Amino acid sequence: MLERTLIRLAESSPPRLLVVIDTEEEFDWERDFDRANTSVTAMRHLGRAQRIFDERGVIPTYVVDFPVASQDEGLAPLAEIHADGRATVGAHLHPWVTPPHEEVVDRRNSFPGNLPRRLEAAKLARLADELATRLGERPAVYKAGRYGLGPNTAAILAEQGFEVDLSASPPYDYRGEGGPDYGGFGCEPYWFGDGSLLGVPSTGAYVGWAGAAAPPLYAAAAAAPEWSRLPGVLARSGAVERLRLSPEGFAGADLERLTRHLLRRGLRVFNLSFHSPSLEPGWTPYVRSASDLGRFLDRLRRYLDLFLGELGGAAVTPLELKRRLAAAPDGGGRR
């Protein structure tokens, strides 16, 4: 488990929202990873989401991987938005498509934190250098591909000048593929590493009347034969659902239910995320058709309106959040 110092903001604090887009190449999520998958055609549709952000005064953070950073077709649409101050850019490490190409391409090595320290550092430096050269600004925000934090990641981030990490993904457990387990994580931001790095997890939780029994109950249902459809049965009964704050695969009602659940429990920093290829039908399991895309964008609009309107929230960038927390007398509510 990552050593961290949790930050808990006062319940009188307005809720704050990060919007994070995993900005990456297109590939078939059902197949094995392949170094040849470097197409970035979906980037031409970035404006479909950016218009929604612009209309609401939201500055999103695009965490960018190497295929996008290294190809004009990928980076040009984002470079214009970034130059206008309408977005911030961070780094997103997909090891299998980031040089140096030394490791075997397999499921375990798709989590960058599983790589040898030297190789994880070299790949991240290569990506950061590419972004610095092409955008004129070195990234200070990081999100590991596949949420793959590892035992060396914090030290590497500090050495390379990163300030905020967005990799943790509660309450998901990726050990079945050789990845990390975030089952014991909450959604609170935290200080980690040498104490100067801010971590902000993706927002996700078990919701339902099962309470503390929710994690083992959900795990048992997920392990049952597929024909039993037990996770769906539990969700319909209101016992437990595993929800993530994302318009991918979750209905608007899910996003609202998750947010209100966590607000009642004192959370004040939320992280809404999705993948850039979802902006073109056919690339992710969540957006297969034009009608899927329409529903996806509508969920995004409605959630932002809810958070910024009825819930009285405000959108912030990761670095803005870090500056605010670091300037607070108690480090933003360290505990």
# chains A, B, ... in the order shown; residues from 1 in each chain; ligands from 1
call {"tool": "residues_around", "arguments": {"residues": "Phe185 (chain A)", "least_positions_apart": "4", "cutoff": "12 Å", "atoms": "only C-alpha atoms", "output": "number ranges by chain"}}
result
A: 1-6, 167-173, 180-181, 189-190, 199-206, 215
call {"tool": "residues_around", "arguments": {"residues": "region 73-79 of chain A", "least_positions_apart": "4", "cutoff": "9 Å", "atoms": "only C-alpha atoms", "output": "list in words"}}
result
Glu24, Glu25, Ser39, Val40, Thr41, Ala42, Met43, Arg44, His45, Leu46, Gly47, Tyr62, Val64, Pro67, Val68, Ala69, Ala83, Asp84, Ala87, Val89, Arg134 and Leu135 of chain A
call {"tool": "select_by_dssp", "arguments": {"residues": "region 63-273 of chain A", "states": "alpha helix (DSSP H)", "output": "ChimeraX atom specification"}}
result
/A:66-70,72-83,117-135,153-159,214-223,230-237,252-264
call {"tool": "closest_residue", "arguments": {"among": "A:Arg35, A:Leu325, A:Cys187, A:Gln71", "to": "Val104 (chain A)", "atoms": "only C-alpha atoms"}}
result
A:Arg35
call {"tool": "atom_distance", "arguments": {"atom1": "CA of Leu255 (chain A)", "atom2": "CA of Pro281 (chain A)"}}
result
21.7 Å
call {"tool": "atom_distance", "arguments": {"atom1": "CA of Thr284 (chain A)", "atom2": "CA of Glu248 (chain A)"}}
result
9.0 Å
call {"tool": "select_by_dssp", "arguments": {"residues": "region 47-143 of chain A", "states": "strand (DSSP E or B)", "output": "list of chain:residue names"}}
result
A:Thr61, A:Tyr62, A:Val63, A:Val64, A:Thr88, A:Val89, A:Gly90, A:Ala91, A:His92, A:Leu93, A:Val141, A:Tyr142, A:Lys143
call {"tool": "closest_residue", "arguments": {"among": "A:Val269, A:Leu166, A:Ala140, A:Ala128", "to": "Arg16 (chain A)", "atoms": "only C-alpha atoms"}}
result
A:Val269
call {"tool": "closest_residue", "arguments": {"among": "A:Asp165, A:Pro139, A:Ile21, A:Gly186", "to": "Leu267 (chain A)", "atoms": "only C-alpha atoms"}}
result
A:Gly186
call {"tool": "closest_residue", "arguments": {"among": "A:Glu163, A:Glu102, A:Glu30, A:Glu120", "to": "Val141 (chain A)", "atoms": "only C-alpha atoms"}}
result
A:Glu163
call {"tool": "residues_around", "arguments": {"residues": "Arg138 (chain A)", "least_positions_apart": "6", "cutoff": "10 Å", "atoms": "only C-alpha atoms", "output": "short mmCIF file (atom, residue, chain, number, x, y, z; two decimals) with N, CA and C atoms, in the first residue's frame"}}
result
data_model
loop_
_atom_site.label_atom_id
_atom_site.label_comp_id
_atom_site.auth_asym_id
_atom_site.auth_seq_id
_atom_site.Cartn_x
_atom_site.Cartn_y
_atom_site.Cartn_z
N VAL A 89 -2.00 20.42 -19.65
CA VAL A 89 -1.51 19.16 -20.23
C VAL A 89 -0.59 18.46 -19.24
N GLY A 90 -0.81 17.17 -19.07
CA GLY A 90 0.05 16.32 -18.25
C GLY A 90 0.53 15.14 -19.05
N ALA A 91 1.21 14.21 -18.39
CA ALA A 91 1.78 13.04 -19.03
C ALA A 91 1.01 11.79 -18.65
N LEU A 127 8.74 10.72 -22.67
CA LEU A 127 7.43 11.33 -22.89
C LEU A 127 7.43 12.79 -22.46
N ALA A 128 7.98 13.08 -21.30
CA ALA A 128 8.01 14.47 -20.81
C ALA A 128 8.83 15.36 -21.73
N ASP A 129 9.95 14.84 -22.23
CA ASP A 129 10.78 15.61 -23.16
C ASP A 129 10.01 15.93 -24.44
N GLU A 130 9.26 14.95 -24.93
CA GLU A 130 8.49 15.15 -26.16
C GLU A 130 7.46 16.25 -25.96
N LEU A 131 6.75 16.21 -24.85
CA LEU A 131 5.73 17.23 -24.58
C LEU A 131 6.38 18.60 -24.39
N ALA A 132 7.52 18.64 -23.70
CA ALA A 132 8.21 19.92 -23.48
C ALA A 132 8.66 20.52 -24.80
N GLN A 160 11.87 13.92 -11.57
CA GLN A 160 11.61 14.53 -12.88
C GLN A 160 10.76 15.79 -12.79
N GLY A 161 10.50 16.27 -11.59
CA GLY A 161 9.83 17.56 -11.43
C GLY A 161 8.33 17.54 -11.51
N PHE A 162 7.73 16.35 -11.40
CA PHE A 162 6.27 16.30 -11.37
C PHE A 162 5.76 16.73 -10.00
#
call {"tool": "residues_around", "arguments": {"residues": "Leu93 (chain A)", "least_positions_apart": "4", "cutoff": "6 Å", "atoms": "only C-alpha atoms", "output": "list of chain:residue names"}}
result
A:Asp65, A:Ala144, A:Gly145
call {"tool": "residues_around", "arguments": {"residues": "Asp305 (chain A)", "least_positions_apart": "4", "cutoff": "12 Å", "atoms": "only C-alpha atoms", "output": "PDB file with N, CA and C atoms, in the first residue's frame"}}
result
ATOM      1  N   LEU A  17     -13.790  20.253  -8.422  1.00  0.00           N
ATOM      2  CA  LEU A  17     -13.824  19.220  -9.458  1.00  0.00           C
ATOM      3  C   LEU A  17     -12.626  19.335 -10.388  1.00  0.00           C
ATOM      4  N   ILE A  52     -17.978  21.898 -24.565  1.00  0.00           N
ATOM      5  CA  ILE A  52     -18.755  21.785 -23.325  1.00  0.00           C
ATOM      6  C   ILE A  52     -17.997  22.425 -22.171  1.00  0.00           C
ATOM      7  N   PHE A  53     -16.690  22.193 -22.106  1.00  0.00           N
ATOM      8  CA  PHE A  53     -15.882  22.793 -21.043  1.00  0.00           C
ATOM      9  C   PHE A  53     -15.820  24.311 -21.192  1.00  0.00           C
ATOM     10  N   GLU A  55     -17.903  26.359 -22.579  1.00  0.00           N
ATOM     11  CA  GLU A  55     -19.188  26.991 -22.267  1.00  0.00           C
ATOM     12  C   GLU A  55     -19.400  27.139 -20.770  1.00  0.00           C
ATOM     13  N   ARG A  56     -18.742  26.317 -19.985  1.00  0.00           N
ATOM     14  CA  ARG A  56     -18.931  26.322 -18.527  1.00  0.00           C
ATOM     15  C   ARG A  56     -17.717  26.854 -17.772  1.00  0.00           C
ATOM     16  N   GLY A  57     -16.742  27.345 -18.485  1.00  0.00           N
ATOM     17  CA  GLY A  57     -15.559  27.899 -17.839  1.00  0.00           C
ATOM     18  C   GLY A  57     -14.689  26.869 -17.157  1.00  0.00           C
ATOM     19  N   VAL A  58     -14.737  25.636 -17.629  1.00  0.00           N
ATOM     20  CA  VAL A  58     -13.951  24.548 -17.046  1.00  0.00           C
ATOM     21  C   VAL A  58     -12.637  24.403 -17.825  1.00  0.00           C
ATOM     22  N   GLY A 252     -26.161   9.118 -16.011  1.00  0.00           N
ATOM     23  CA  GLY A 252     -26.151  10.364 -15.266  1.00  0.00           C
ATOM     24  C   GLY A 252     -26.616  10.182 -13.836  1.00  0.00           C
ATOM     25  N   GLU A 256     -24.609  11.188 -10.296  1.00  0.00           N
ATOM     26  CA  GLU A 256     -25.197  12.006  -9.243  1.00  0.00           C
ATOM     27  C   GLU A 256     -25.260  11.238  -7.930  1.00  0.00           C
ATOM     28  N   ASP A 298     -24.139  14.208 -23.518  1.00  0.00           N
ATOM     29  CA  ASP A 298     -25.221  14.734 -22.689  1.00  0.00           C
ATOM     30  C   ASP A 298     -24.965  14.466 -21.214  1.00  0.00           C
ATOM     31  N   ARG A 299     -24.455  13.280 -20.880  1.00  0.00           N
ATOM     32  CA  ARG A 299     -24.107  12.986 -19.486  1.00  0.00           C
ATOM     33  C   ARG A 299     -23.036  13.941 -18.977  1.00  0.00           C
ATOM     34  N   LEU A 300     -22.066  14.231 -19.830  1.00  0.00           N
ATOM     35  CA  LEU A 300     -20.996  15.154 -19.444  1.00  0.00           C
ATOM     36  C   LEU A 300     -21.562  16.541 -19.157  1.00  0.00           C
ATOM     37  N   ARG A 301     -22.405  17.047 -20.054  1.00  0.00           N
ATOM     38  CA  ARG A 301     -23.021  18.369 -19.853  1.00  0.00           C
ATOM     39  C   ARG A 301     -23.833  18.411 -18.558  1.00  0.00           C
ATOM     40  N   GLY A 309     -23.599  23.964 -10.561  1.00  0.00           N
ATOM     41  CA  GLY A 309     -24.824  24.682 -10.254  1.00  0.00           C
ATOM     42  C   GLY A 309     -25.418  24.282  -8.927  1.00  0.00           C
ATOM     43  N   GLU A 310     -26.263  23.277  -8.941  1.00  0.00           N
ATOM     44  CA  GLU A 310     -26.993  22.881  -7.738  1.00  0.00           C
ATOM     45  C   GLU A 310     -26.077  22.534  -6.554  1.00  0.00           C
ATOM     46  N   LEU A 311     -24.957  21.883  -6.821  1.00  0.00           N
ATOM     47  CA  LEU A 311     -24.072  21.467  -5.735  1.00  0.00           C
ATOM     48  C   LEU A 311     -23.102  22.559  -5.299  1.00  0.00           C
ATOM     49  N   GLY A 312     -23.109  23.679  -5.999  1.00  0.00           N
ATOM     50  CA  GLY A 312     -22.278  24.817  -5.592  1.00  0.00           C
ATOM     51  C   GLY A 312     -20.794  24.580  -5.724  1.00  0.00           C
ATOM     52  N   GLY A 313     -20.393  23.712  -6.643  1.00  0.00           N
ATOM     53  CA  GLY A 313     -18.994  23.365  -6.791  1.00  0.00           C
ATOM     54  C   GLY A 313     -18.245  24.300  -7.713  1.00  0.00           C
ATOM     55  N   ALA A 314     -16.926  24.097  -7.770  1.00  0.00           N
ATOM     56  CA  ALA A 314     -16.051  24.885  -8.634  1.00  0.00           C
ATOM     57  C   ALA A 314     -15.047  23.954  -9.277  1.00  0.00           C
ATOM     58  N   ALA A 315     -14.711  24.233 -10.539  1.00  0.00           N
ATOM     59  CA  ALA A 315     -13.710  23.438 -11.240  1.00  0.00           C
ATOM     60  C   ALA A 315     -12.329  24.028 -10.994  1.00  0.00           C
TER      61      ALA A 315
END
call {"tool": "residues_around", "arguments": {"residues": "Asp34 (chain A)", "least_positions_apart": "2", "cutoff": "8 Å", "atoms": "only C-alpha atoms", "output": "ChimeraX atom specification"}}
result
/A:32,36-37,96-97,105
call {"tool": "closest_residue", "arguments": {"among": "A:Gly266, A:Pro285, A:Gly113, A:Gly85", "to": "Phe250 (chain A)", "atoms": "only C-alpha atoms"}}
result
A:Pro285
call {"tool": "decode", "arguments": {"residues": "region 268-280 of chain A", "atoms": "C-alpha atoms", "output": "PDB file, in the first residue's frame"}}
result
ATOM      1  CA  ARG A 268     -14.682  17.744  -1.162  1.00  0.00           C
ATOM      2  CA  VAL A 269     -12.370  16.958  -4.097  1.00  0.00           C
ATOM      3  CA  PHE A 270     -13.794  15.036  -7.064  1.00  0.00           C
ATOM      4  CA  ASN A 271     -12.073  13.728 -10.196  1.00  0.00           C
ATOM      5  CA  LEU A 272     -14.194  13.230 -13.331  1.00  0.00           C
ATOM      6  CA  SER A 273     -12.399  11.281 -16.054  1.00  0.00           C
ATOM      7  CA  PHE A 274     -12.774   9.647 -19.456  1.00  0.00           C
ATOM      8  CA  HIS A 275     -10.688   8.546 -22.478  1.00  0.00           C
ATOM      9  CA  SER A 276     -10.219  10.724 -25.559  1.00  0.00           C
ATOM     10  CA  PRO A 277     -11.041   7.924 -28.068  1.00  0.00           C
ATOM     11  CA  SER A 278     -14.596   7.894 -26.678  1.00  0.00           C
ATOM     12  CA  LEU A 279     -15.121  11.119 -28.628  1.00  0.00           C
ATOM     13  CA  GLU A 280     -15.295   9.097 -31.860  1.00  0.00           C
TER      14      GLU A 280
END
